[in-house]
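Coordinates from my_file_30.cif are shown below (mmCIF, C-alpha atoms and all ligand atoms).
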```
data_upload
loop_
_atom_site.label_atom_id
_atom_site.label_comp_id
_atom_site.auth_asym_id
_atom_site.auth_seq_id
_atom_site.Cartn_x
_atom_site.Cartn_y
_atom_site.Cartn_z
CA MET A 3 0.00 0.00 0.00
CA THR A 4 1.52 3.28 -1.15
CA ASP A 5 0.62 6.42 -3.12
CA PRO A 6 0.92 6.96 -6.90
CA MET A 7 4.05 9.09 -6.56
CA VAL A 8 6.03 6.90 -4.15
CA ARG A 9 5.19 3.90 -6.33
CA GLU A 10 7.41 5.39 -9.05
CA LEU A 11 10.44 6.07 -6.82
CA ASP A 12 13.58 3.95 -7.13
CA PHE A 13 13.60 2.79 -3.52
CA PHE A 14 10.04 1.48 -3.90
CA LYS A 15 11.09 -0.63 -6.86
CA GLU A 16 14.10 -1.83 -4.83
CA ILE A 17 11.78 -2.95 -2.02
CA GLN A 18 9.65 -4.86 -4.55
CA LYS A 19 12.76 -6.47 -6.04
CA SER A 20 14.07 -7.55 -2.65
CA LEU A 21 10.70 -9.12 -1.80
CA SER A 22 10.65 -11.14 -5.03
CA ALA A 23 14.28 -12.14 -4.51
CA LYS A 24 13.10 -13.79 -1.28
CA SER A 25 10.13 -15.38 -3.13
CA ILE A 26 7.65 -13.22 -1.24
CA ALA A 27 4.76 -12.47 -3.57
CA SER A 28 3.29 -8.99 -3.38
CA GLU A 29 0.78 -6.71 -5.07
CA VAL A 30 0.74 -2.92 -5.05
CA PHE A 31 -2.29 -0.76 -4.33
CA ALA A 32 -1.62 2.97 -4.82
CA ASP A 33 -4.94 4.39 -5.94
CA ILE A 34 -5.46 7.06 -3.24
CA HIS A 35 -6.14 10.78 -2.95
CA LYS A 36 -3.74 13.35 -1.55
CA ASN A 37 -6.07 13.76 1.46
CA PRO A 38 -7.36 10.15 1.57
CA VAL A 39 -11.12 9.48 1.52
CA LYS A 40 -13.33 6.54 2.51
CA SER A 41 -13.74 5.23 -1.06
CA ASP A 42 -9.91 4.83 -1.26
CA VAL A 43 -10.10 2.50 1.72
CA LEU A 44 -13.05 0.52 0.36
CA LYS A 45 -11.29 0.03 -2.98
CA GLY A 46 -8.09 -1.01 -1.22
CA GLY A 47 -9.99 -3.45 0.99
CA GLU A 48 -11.54 -5.09 -2.09
CA ALA A 49 -8.16 -5.25 -3.81
CA PHE A 50 -6.69 -7.01 -0.76
CA LYS A 51 -9.53 -9.55 -0.62
CA GLN A 52 -9.07 -10.45 -4.27
CA THR A 53 -5.50 -11.54 -3.60
CA ASP A 54 -4.27 -14.31 -1.38
CA ARG A 55 -2.13 -12.15 0.88
CA ASP A 56 -1.65 -12.24 4.65
CA CYS A 57 0.14 -8.97 5.32
CA ILE A 58 -0.20 -5.27 4.54
CA ILE A 59 2.88 -3.05 4.26
CA GLY A 60 2.19 0.70 4.32
CA ILE A 61 5.05 2.47 2.53
CA GLY A 62 4.94 6.25 2.14
CA GLY A 63 3.89 9.40 3.92
CA GLY A 64 1.04 9.76 6.40
CA ALA A 65 -1.56 9.49 3.65
CA ALA A 66 -0.40 6.06 2.41
CA MET A 67 0.23 4.70 5.93
CA ASP A 68 -3.19 5.90 7.11
CA VAL A 69 -4.99 4.22 4.20
CA ALA A 70 -2.94 1.06 4.83
CA ARG A 71 -4.03 1.09 8.49
CA ALA A 72 -7.67 1.66 7.54
CA ILE A 73 -7.49 -1.29 5.11
CA VAL A 74 -6.00 -3.42 7.90
CA LEU A 75 -9.18 -2.61 9.83
CA ARG A 76 -11.49 -3.04 6.84
CA VAL A 77 -10.45 -6.59 5.89
CA ASN A 78 -12.39 -8.30 8.72
CA HIS A 79 -14.63 -5.44 9.91
CA HIS A 80 -17.62 -4.87 7.67
CA ARG A 81 -19.76 -2.18 9.32
CA ASP A 82 -19.80 1.22 7.66
CA LEU A 83 -16.18 2.46 7.86
CA PHE A 84 -17.12 5.50 9.95
CA ASP A 85 -18.98 3.36 12.51
CA TYR A 86 -15.41 2.74 13.74
CA ASP A 87 -14.87 6.51 14.32
CA ASP A 88 -13.17 6.89 17.68
CA LEU A 89 -15.22 9.95 18.60
CA ILE A 90 -18.45 7.96 18.62
CA GLY A 91 -16.89 5.06 20.52
CA GLY A 92 -16.25 3.07 17.35
CA ASP A 93 -13.25 1.20 18.72
CA GLN A 94 -15.67 -1.07 20.65
CA TYR A 95 -16.49 -2.75 17.30
CA VAL A 96 -12.85 -3.52 16.51
CA THR A 97 -13.14 -7.09 17.76
CA GLU A 98 -11.90 -9.28 14.87
CA ASP A 99 -8.39 -10.32 13.84
CA VAL A 100 -6.44 -8.00 11.56
CA PRO A 101 -3.79 -8.83 8.94
CA TYR A 102 -0.12 -8.57 9.92
CA PHE A 103 0.82 -4.90 9.49
CA ILE A 104 4.19 -3.29 8.72
CA THR A 105 4.91 0.43 8.21
CA VAL A 106 7.75 2.07 6.30
CA PRO A 107 7.64 5.89 6.59
CA THR A 108 9.12 7.86 3.69
CA THR A 109 8.37 11.35 5.04
CA SER A 110 9.30 12.75 8.47
CA GLY A 111 6.12 14.36 9.66
CA THR A 112 3.04 12.50 10.79
CA GLY A 113 4.69 9.70 12.78
CA SER A 114 1.77 7.58 11.56
CA GLU A 115 4.21 4.64 11.45
CA VAL A 116 3.91 4.26 15.24
CA GLY A 117 0.28 5.39 15.47
CA ARG A 118 -2.91 3.51 16.17
CA SER A 119 -5.17 5.81 14.21
CA ALA A 120 -5.96 6.55 10.60
CA ILE A 121 -7.28 9.92 9.47
CA ILE A 122 -9.69 9.39 6.59
CA SER A 123 -12.04 12.00 5.12
CA GLU A 124 -15.66 11.67 4.07
CA ASP A 125 -15.88 11.63 0.25
CA ASP A 126 -18.57 14.30 -0.01
CA THR A 127 -17.93 16.74 2.87
CA HIS A 128 -14.15 16.04 3.14
CA ARG A 129 -14.57 16.13 6.92
CA LYS A 130 -11.71 14.27 8.58
CA ARG A 131 -12.67 11.27 10.71
CA ILE A 132 -10.41 9.25 13.03
CA LEU A 133 -10.40 5.48 13.05
CA PHE A 134 -8.63 4.34 16.19
CA ALA A 135 -7.89 1.01 17.84
CA PRO A 136 -4.80 -0.36 19.60
CA LYS A 137 -4.94 -3.37 17.24
CA LEU A 138 -4.14 -1.07 14.33
CA MET A 139 -0.59 -0.45 15.50
CA ALA A 140 2.07 -1.82 13.15
CA LYS A 141 3.82 -5.01 14.28
CA ILE A 142 7.09 -3.83 12.73
CA VAL A 143 8.25 -0.31 11.80
CA PHE A 144 11.20 0.25 9.47
CA ALA A 145 12.11 3.90 10.06
CA ASP A 146 14.99 4.29 7.61
CA PRO A 147 16.07 7.92 7.00
CA LEU A 148 17.77 6.89 3.75
CA LEU A 149 14.28 6.64 2.25
CA THR A 150 13.78 10.35 2.89
CA MET A 151 17.00 11.55 1.24
CA GLU A 152 15.22 12.39 -2.05
CA LEU A 153 12.30 14.11 -0.35
CA PRO A 154 11.99 17.55 -2.04
CA PRO A 155 12.57 20.72 0.07
CA PHE A 156 8.92 21.80 0.21
CA ILE A 157 7.64 18.42 1.46
CA THR A 158 10.55 18.15 3.91
CA ALA A 159 9.67 21.59 5.29
CA ALA A 160 5.90 21.07 5.49
CA THR A 161 6.07 17.56 6.98
CA GLY A 162 8.82 18.70 9.38
CA MET A 163 6.64 21.55 10.66
CA ASP A 164 3.83 19.00 11.22
CA ALA A 165 6.25 17.04 13.41
CA LEU A 166 7.25 20.20 15.29
CA THR A 167 3.57 21.04 15.80
CA HIS A 168 2.93 17.54 17.22
CA ASN A 169 5.77 17.83 19.73
CA MET A 170 4.83 21.37 20.80
CA GLU A 171 1.08 20.84 21.03
CA ALA A 172 1.55 17.55 22.87
CA TYR A 173 3.96 19.12 25.34
CA ILE A 174 1.51 21.86 26.35
CA SER A 175 -1.70 19.80 25.96
CA LYS A 176 -3.79 19.90 29.13
CA ASN A 177 -3.61 16.17 29.89
CA PHE A 178 -1.33 14.61 32.51
CA HIS A 179 1.30 12.46 30.78
CA PRO A 180 4.86 13.34 31.87
CA LEU A 181 6.41 10.57 29.75
CA ALA A 182 4.85 11.96 26.58
CA ALA A 183 5.74 15.53 27.67
CA GLY A 184 9.41 14.55 28.05
CA ILE A 185 9.46 12.96 24.61
CA GLY A 186 7.80 16.09 23.17
CA LEU A 187 10.50 18.39 24.59
CA GLU A 188 13.31 16.26 23.17
CA GLY A 189 11.46 16.13 19.84
CA ILE A 190 11.33 19.96 19.79
CA PHE A 191 15.08 20.06 20.50
CA LEU A 192 15.94 17.65 17.65
CA ILE A 193 13.69 19.34 15.08
CA ASN A 194 14.88 22.81 15.93
CA GLN A 195 18.48 21.63 15.49
CA SER A 196 17.93 19.95 12.16
CA ILE A 197 14.92 21.22 10.19
CA VAL A 198 16.62 24.10 8.37
CA ALA A 199 19.57 21.93 7.39
CA ALA A 200 17.27 19.03 6.40
CA VAL A 201 15.47 21.36 3.99
CA ASN A 202 18.22 23.59 2.66
CA LYS A 203 21.34 21.42 2.91
CA PRO A 204 20.24 17.83 3.54
CA SER A 205 22.57 15.30 5.10
CA LEU A 206 21.93 11.87 6.54
CA GLU A 207 22.39 13.36 10.00
CA SER A 208 19.75 16.08 9.67
CA ARG A 209 17.29 13.78 7.91
CA SER A 210 17.85 11.10 10.60
CA LYS A 211 17.09 13.57 13.38
CA MET A 212 13.92 14.63 11.57
CA MET A 213 12.78 11.04 11.13
CA ILE A 214 13.22 10.07 14.78
CA ALA A 215 11.73 13.36 16.02
CA SER A 216 8.69 12.85 13.80
CA LEU A 217 8.19 9.39 15.27
CA MET A 218 8.62 10.90 18.75
CA GLY A 219 5.97 13.53 17.98
CA ALA A 220 3.41 10.81 17.33
CA VAL A 221 4.32 9.07 20.60
CA ALA A 222 4.06 12.42 22.41
CA PHE A 223 0.65 13.29 20.99
CA GLN A 224 -0.93 10.40 22.84
CA LYS A 225 -1.08 13.21 25.40
CA GLY A 226 -3.27 15.25 23.05
CA LEU A 227 -2.98 17.96 20.40
CA GLY A 228 -4.62 21.39 20.38
CA VAL A 229 -5.75 24.57 18.72
CA VAL A 230 -3.20 24.48 15.86
CA HIS A 231 -4.36 21.10 14.51
CA SER A 232 -7.97 22.26 14.79
CA LEU A 233 -7.09 25.37 12.75
CA ALA A 234 -5.23 23.22 10.21
CA HIS A 235 -7.69 20.37 9.57
CA PRO A 236 -10.42 22.53 7.92
CA LEU A 237 -7.86 23.92 5.44
CA SER A 238 -7.24 20.40 4.15
CA SER A 239 -10.98 19.64 4.06
CA LEU A 240 -11.96 22.83 2.29
CA LEU A 241 -8.94 23.75 0.17
CA ASP A 242 -6.99 20.46 0.01
CA THR A 243 -4.02 22.16 1.70
CA HIS A 244 -1.23 19.74 2.67
CA HIS A 245 -1.61 18.86 6.38
CA GLY A 246 1.92 19.94 7.34
CA LEU A 247 1.70 23.22 5.43
CA ALA A 248 -1.62 24.00 7.13
CA ASN A 249 0.01 23.44 10.53
CA ALA A 250 3.12 25.42 9.64
CA VAL A 251 1.14 28.56 8.78
CA ASN A 252 -1.10 28.34 11.85
CA LEU A 253 1.57 27.33 14.38
CA PRO A 254 2.89 30.82 15.35
CA TYR A 255 -0.66 32.18 15.75
CA GLY A 256 -1.85 29.19 17.79
CA MET A 257 1.21 29.44 20.05
CA ARG A 258 0.67 33.18 20.52
CA PHE A 259 -2.89 32.37 21.64
CA ASN A 260 -1.65 29.76 24.13
CA ALA A 261 1.38 31.55 25.61
CA PRO A 262 -0.20 33.85 28.24
CA GLY A 263 -0.48 31.93 31.51
CA LEU A 264 1.78 29.10 30.34
CA GLU A 265 5.07 30.89 31.08
CA THR A 266 6.77 27.81 32.55
CA GLU A 267 5.91 25.56 29.61
CA PHE A 268 6.96 28.20 27.07
CA LYS A 269 10.21 28.79 28.91
CA ARG A 270 11.01 25.08 28.73
CA MET A 271 10.15 24.94 25.02
CA ALA A 272 12.34 28.02 24.40
CA LEU A 273 15.22 26.28 26.21
CA ALA A 274 14.67 23.18 24.06
CA MET A 275 14.89 25.48 21.03
CA GLU A 276 18.10 26.99 22.42
CA LEU A 277 16.64 30.54 22.24
CA GLU A 278 18.38 33.33 24.14
CA THR A 279 15.09 34.89 25.25
CA THR A 280 12.83 32.34 26.85
CA THR A 281 9.42 33.95 26.48
CA GLY A 282 6.32 32.99 24.51
CA GLU A 283 6.88 36.00 22.27
CA ALA A 284 10.42 34.83 21.44
CA ILE A 285 9.05 31.44 20.44
CA VAL A 286 6.36 33.01 18.24
CA ASN A 287 8.96 35.18 16.49
CA HIS A 288 11.22 32.18 16.06
CA LEU A 289 8.39 30.18 14.45
CA PHE A 290 7.67 32.97 11.93
CA ASP A 291 11.38 33.09 11.21
CA LEU A 292 11.59 29.31 10.77
CA ASN A 293 8.74 29.32 8.22
CA GLN A 294 10.54 32.03 6.28
CA GLN A 295 13.87 30.20 6.36
CA LEU A 296 12.09 27.08 5.11
CA GLY A 297 10.40 28.93 2.25
CA LEU A 298 6.92 28.42 3.77
CA PRO A 299 4.21 31.09 3.88
CA ILE A 300 3.33 32.96 7.07
CA LYS A 301 -0.12 34.12 5.94
CA LEU A 302 -3.24 32.12 5.14
CA SER A 303 -3.89 34.25 2.06
CA ALA A 304 -0.80 32.59 0.55
CA VAL A 305 -2.53 29.19 0.68
CA GLY A 306 -5.70 30.48 -0.98
CA VAL A 307 -7.79 31.49 2.05
CA THR A 308 -10.03 34.52 1.53
CA ASP A 309 -12.51 36.43 3.71
CA ALA A 310 -15.29 34.32 2.22
CA HIS A 311 -13.86 31.15 3.82
CA ILE A 312 -13.58 32.44 7.39
CA GLU A 313 -17.07 31.54 8.69
CA THR A 314 -17.00 27.98 7.32
CA LEU A 315 -13.43 27.46 8.50
CA SER A 316 -14.41 28.65 11.98
CA ASP A 317 -17.39 26.23 12.12
CA LEU A 318 -15.22 23.31 11.03
CA ALA A 319 -12.38 24.19 13.41
CA PHE A 320 -14.76 24.46 16.34
CA ALA A 321 -16.22 21.02 15.46
CA ASP A 322 -12.71 19.49 15.22
CA PHE A 323 -11.58 16.75 17.63
CA CYS A 324 -8.19 18.24 18.65
CA HIS A 325 -8.87 21.46 20.55
CA PRO A 326 -10.62 19.86 23.55
CA ASN A 327 -7.07 18.83 24.57
CA ASN A 328 -5.68 22.35 24.18
CA PRO A 329 -4.32 23.80 27.46
CA LYS A 330 -6.97 26.52 27.38
CA PRO A 331 -10.54 26.42 26.04
CA VAL A 332 -11.03 27.66 22.47
CA THR A 333 -14.34 29.21 21.42
CA ARG A 334 -15.69 29.51 17.89
CA ASN A 335 -14.97 33.23 18.10
CA ASP A 336 -11.34 32.50 19.09
CA PHE A 337 -11.00 30.42 15.91
CA LYS A 338 -12.46 33.24 13.84
CA GLN A 339 -10.07 35.77 15.40
CA LEU A 340 -7.09 33.47 14.84
CA TYR A 341 -7.98 32.94 11.17
CA LEU A 342 -8.47 36.70 10.68
CA GLU A 343 -5.14 37.41 12.35
CA ALA A 344 -3.39 34.89 10.07
CA LEU A 345 -5.15 36.08 6.89
N1 LIG B 401 -2.30 8.92 11.65
C1 LIG B 401 -1.90 10.01 12.23
O1 LIG B 401 -1.69 10.02 13.42
C2 LIG B 401 -1.69 11.26 11.44
C3 LIG B 401 -1.09 12.38 12.04
C4 LIG B 401 -0.92 13.51 11.27
C5 LIG B 401 -1.33 13.52 9.93
N2 LIG B 401 -1.92 12.42 9.39
C6 LIG B 401 -2.35 12.37 7.97
O2 LIG B 401 -1.20 12.16 7.16
C7 LIG B 401 -1.39 12.76 5.89
C8 LIG B 401 -0.19 13.64 5.54
O3 LIG B 401 0.97 12.84 5.50
P1 LIG B 401 2.39 13.43 5.00
O4 LIG B 401 2.57 14.76 5.59
O5 LIG B 401 3.42 12.40 5.24
O6 LIG B 401 2.15 13.68 3.46
P2 LIG B 401 1.77 12.70 2.26
O7 LIG B 401 1.63 11.30 2.69
O8 LIG B 401 0.59 13.34 1.60
O9 LIG B 401 3.05 12.84 1.32
C9 LIG B 401 3.37 14.11 0.76
C10 LIG B 401 3.91 13.94 -0.63
O10 LIG B 401 5.24 13.44 -0.56
C11 LIG B 401 5.43 12.38 -1.49
N3 LIG B 401 6.49 11.51 -0.94
C12 LIG B 401 6.39 10.70 0.12
N4 LIG B 401 7.58 10.13 0.39
C13 LIG B 401 8.46 10.60 -0.52
C14 LIG B 401 9.86 10.40 -0.75
N5 LIG B 401 10.59 9.64 0.06
N6 LIG B 401 10.45 11.06 -1.77
C15 LIG B 401 9.70 11.90 -2.56
N7 LIG B 401 8.38 12.14 -2.39
C16 LIG B 401 7.77 11.50 -1.38
C17 LIG B 401 4.06 11.76 -1.59
O11 LIG B 401 3.89 11.06 -2.81
C18 LIG B 401 3.14 12.96 -1.51
O12 LIG B 401 2.97 13.53 -2.78
C19 LIG B 401 -2.70 13.53 5.97
O13 LIG B 401 -3.69 12.74 5.35
C20 LIG B 401 -2.95 13.65 7.46
O14 LIG B 401 -4.32 13.74 7.77
C21 LIG B 401 -2.07 11.29 10.12
FE FE B 402 -0.33 16.53 12.30
#
```
Kindly return the structure encoded in the file as structure tokens.
Amino acid sequence: MTDPMVRELDFFKEIQKSLSAKSIASEVFADIHKNPVKSDVLKGGEAFKQTDRDCIIGIGGGAAMDVARAIVLRVNHHRDLFDYDDLIGGDQYVTEDVPYFITVPTTSGTGSEVGRSAIISEDDTHRKRILFAPKLMAKIVFADPLLTMELPPFITAATGMDALTHNMEAYISKNFHPLAAGIGLEGIFLINQSIVAAVNKPSLESRSKMMIASLMGAVAFQKGLGVVHSLAHPLSSLLDTHHGLANAVNLPYGMRFNAPGLETEFKRMALAMELETTTGEAIVNHLFDLNQQLGLPIKLSAVGVTDAHIETLSDLAFADFCHPNNPKPVTRNDFKQLYLEAL
């Protein structure tokens, strides 16, 4: 299971060759959307059933790994796919066996390789839904930074900012989970050290740090995410914006919203970022600066948002599943103000 672009890359063909060299038969399914939808999963599930396979390998970015995980669920679970939505208690129906599952990340962003959830959108509304169950965790993860060496600068930057957002939002999320918080802080440290080099002057060292920190971000966000992911998700639903790019643009604004009252947490994040000034404001300025160094936009207008989108975006953000874990409550009006500020 991969996506149409990764399928064409040399390393993907090498993986196929090495499987056949060991007489392991395989088939490739790569027919998925950039922001994957339910019908991708249903098609993939059918494709799997028509073969005589016993294992699913998800190779690619978050999109391919999420669809792979949803197909792992689909094979022996036949209710409507969104009956398994975590937010309506769907994991109670995940009772059957699942095929053996392996993940091979080829971007450093989502950390989906170590996750237990798949984010799949509704075909018509494009609303993102979460399928979650502990059984959906991969049995083996091959996190090999060599597979990310050809990742183009823009995708490296956008996926890397997704990973930074995971570590930061998890660290300050309101839930009690000191283990995840510790991992989040170290993730922030590693990304801050390596993201600019990974994008502008890639080496195995910088890309390795990004890959492990991305994986750490996904471990950390068991503690919860927050306002930034809720601001980002509607951009992908409405305008098909890449998930990491949507987070990158919203991150400084979301952190500015959260900083007052969280001086201790922001000080510790600033220390992890090796900033001289350890205030929330210094972090916000640093995040704007990072986006600029990475060639990413700092305004929503640059990703196609206009005044006309603000009300719908605010409704969708308020309905999103991430902000209930934000350290402070976020109202619909807060979302509107944050979008207007970022426009
Ligand atoms: N499951 C989770 O916990 C979780 C968390 C965050 C995001 N997500 C989901 O993950 C998806 C985003 O994943 P992503 O940021 O990895 O992007 P992606 O999977 O969309 O990949 C981005 C692009 O990079 C290309 N690509 C991938 N690997 C490459 C390589 N090695 N070399 C060259 N090109 C390569 C892909 O073909 C694609 O065009 C979204 O659908 C989002 O909702 C899931
Ligand atoms: Fe994310």
Long-range neighbours of Phe14 (chain A) as a count of residues only, 10 Å cut-off, all atoms listed in the file, 2 positions minimum in chain
15
Residues within 8 Å of ligand LIG 401 (chain B), counting all atoms listed in the file, as an mmCIF file with C-alpha atoms, in the frame of the given file:
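Below you can see pocket.cif, which holds the result:
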```
data_model
loop_
_atom_site.group_PDB
_atom_site.id
_atom_site.type_symbol
_atom_site.label_atom_id
_atom_site.label_comp_id
_atom_site.auth_asym_id
_atom_site.auth_seq_id
_atom_site.Cartn_x
_atom_site.Cartn_y
_atom_site.Cartn_z
ATOM 1 C CA ASP A 5 0.620 6.420 -3.120
ATOM 2 C CA PRO A 6 0.920 6.960 -6.900
ATOM 3 C CA MET A 7 4.050 9.090 -6.560
ATOM 4 C CA VAL A 8 6.030 6.900 -4.150
ATOM 5 C CA LEU A 11 10.440 6.070 -6.820
ATOM 6 C CA LYS A 36 -3.740 13.350 -1.550
ATOM 7 C CA ASN A 37 -6.070 13.760 1.460
ATOM 8 C CA PRO A 38 -7.360 10.150 1.570
ATOM 9 C CA GLY A 62 4.940 6.250 2.140
ATOM 10 C CA GLY A 63 3.890 9.400 3.920
ATOM 11 C CA GLY A 64 1.040 9.760 6.400
ATOM 12 C CA ALA A 65 -1.560 9.490 3.650
ATOM 13 C CA ALA A 66 -0.400 6.060 2.410
ATOM 14 C CA MET A 67 0.230 4.700 5.930
ATOM 15 C CA ASP A 68 -3.190 5.900 7.110
ATOM 16 C CA PRO A 107 7.640 5.890 6.590
ATOM 17 C CA THR A 108 9.120 7.860 3.690
ATOM 18 C CA THR A 109 8.370 11.350 5.040
ATOM 19 C CA SER A 110 9.300 12.750 8.470
ATOM 20 C CA GLY A 111 6.120 14.360 9.660
ATOM 21 C CA THR A 112 3.040 12.500 10.790
ATOM 22 C CA GLY A 113 4.690 9.700 12.780
ATOM 23 C CA SER A 114 1.770 7.580 11.560
ATOM 24 C CA GLU A 115 4.210 4.640 11.450
ATOM 25 C CA GLY A 117 0.280 5.390 15.470
ATOM 26 C CA ARG A 118 -2.910 3.510 16.170
ATOM 27 C CA SER A 119 -5.170 5.810 14.210
ATOM 28 C CA ALA A 120 -5.960 6.550 10.600
ATOM 29 C CA ILE A 121 -7.280 9.920 9.470
ATOM 30 C CA ILE A 122 -9.690 9.390 6.590
ATOM 31 C CA LYS A 130 -11.710 14.270 8.580
ATOM 32 C CA LEU A 149 14.280 6.640 2.250
ATOM 33 C CA THR A 150 13.780 10.350 2.890
ATOM 34 C CA MET A 151 17.000 11.550 1.240
ATOM 35 C CA GLU A 152 15.220 12.390 -2.050
ATOM 36 C CA LEU A 153 12.300 14.110 -0.350
ATOM 37 C CA PRO A 154 11.990 17.550 -2.040
ATOM 38 C CA ILE A 157 7.640 18.420 1.460
ATOM 39 C CA ALA A 160 5.900 21.070 5.490
ATOM 40 C CA THR A 161 6.070 17.560 6.980
ATOM 41 C CA ASP A 164 3.830 19.000 11.220
ATOM 42 C CA ALA A 220 3.410 10.810 17.330
ATOM 43 C CA HIS A 235 -7.690 20.370 9.570
ATOM 44 C CA HIS A 244 -1.230 19.740 2.670
ATOM 45 C CA HIS A 245 -1.610 18.860 6.380
ATOM 46 C CA GLY A 246 1.920 19.940 7.340
#
```
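Nearest to ligand FE 402 (chain B) of all the residues A:Gln224, A:Asn249, A:Gln195, A:Ser208 is A:Asn249, counting only C-alpha atoms and all ligand atoms.
For the set A:His311, A:Lys141, A:Arg71, A:His168, the residue with the smallest atom-to-atom gap to ligand FE 402 (chain B) is A:His168, counting all atoms listed in the file.
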Write out as a ChimeraX atom specification the residues lying within 10 Å of region 41-58 of chain A, counting only C-alpha atoms and excluding same-chain residues fewer than 6 positions away.
/A:3,27-35,68-78,82-83,100-105,122-125,140
So that I can see what lies close to Pro331 (chain A), please list as a list in words the residues with an atom at most 10 Å from it, counting all atoms listed in the file and leaving out residues fewer than 2 positions away in the same chain.
Lys176, Gly228, Val229, Asn260, His325, Pro326, Asn327, Asn328, Pro329, Thr333 and Asp336 of chain A
Could the residues in this selection be saved with C-alpha atoms as a PDB file, in the frame of the given file?
```
ATOM      1  CA  LYS A 176      -3.790  19.900  29.130  1.00  0.00           C
ATOM      2  CA  GLY A 228      -4.620  21.390  20.380  1.00  0.00           C
ATOM      3  CA  VAL A 229      -5.750  24.570  18.720  1.00  0.00           C
ATOM      4  CA  ASN A 260      -1.650  29.760  24.130  1.00  0.00           C
ATOM      5  CA  HIS A 325      -8.870  21.460  20.550  1.00  0.00           C
ATOM      6  CA  PRO A 326     -10.620  19.860  23.550  1.00  0.00           C
ATOM      7  CA  ASN A 327      -7.070  18.830  24.570  1.00  0.00           C
ATOM      8  CA  ASN A 328      -5.680  22.350  24.180  1.00  0.00           C
ATOM      9  CA  PRO A 329      -4.320  23.800  27.460  1.00  0.00           C
ATOM     10  CA  THR A 333     -14.340  29.210  21.420  1.00  0.00           C
ATOM     11  CA  ASP A 336     -11.340  32.500  19.090  1.00  0.00           C
TER      12      ASP A 336
END
```
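The two atoms in question, CA of Leu241 (chain A) and CA of Val305 (chain A), are spaced 8.4 Å apart.
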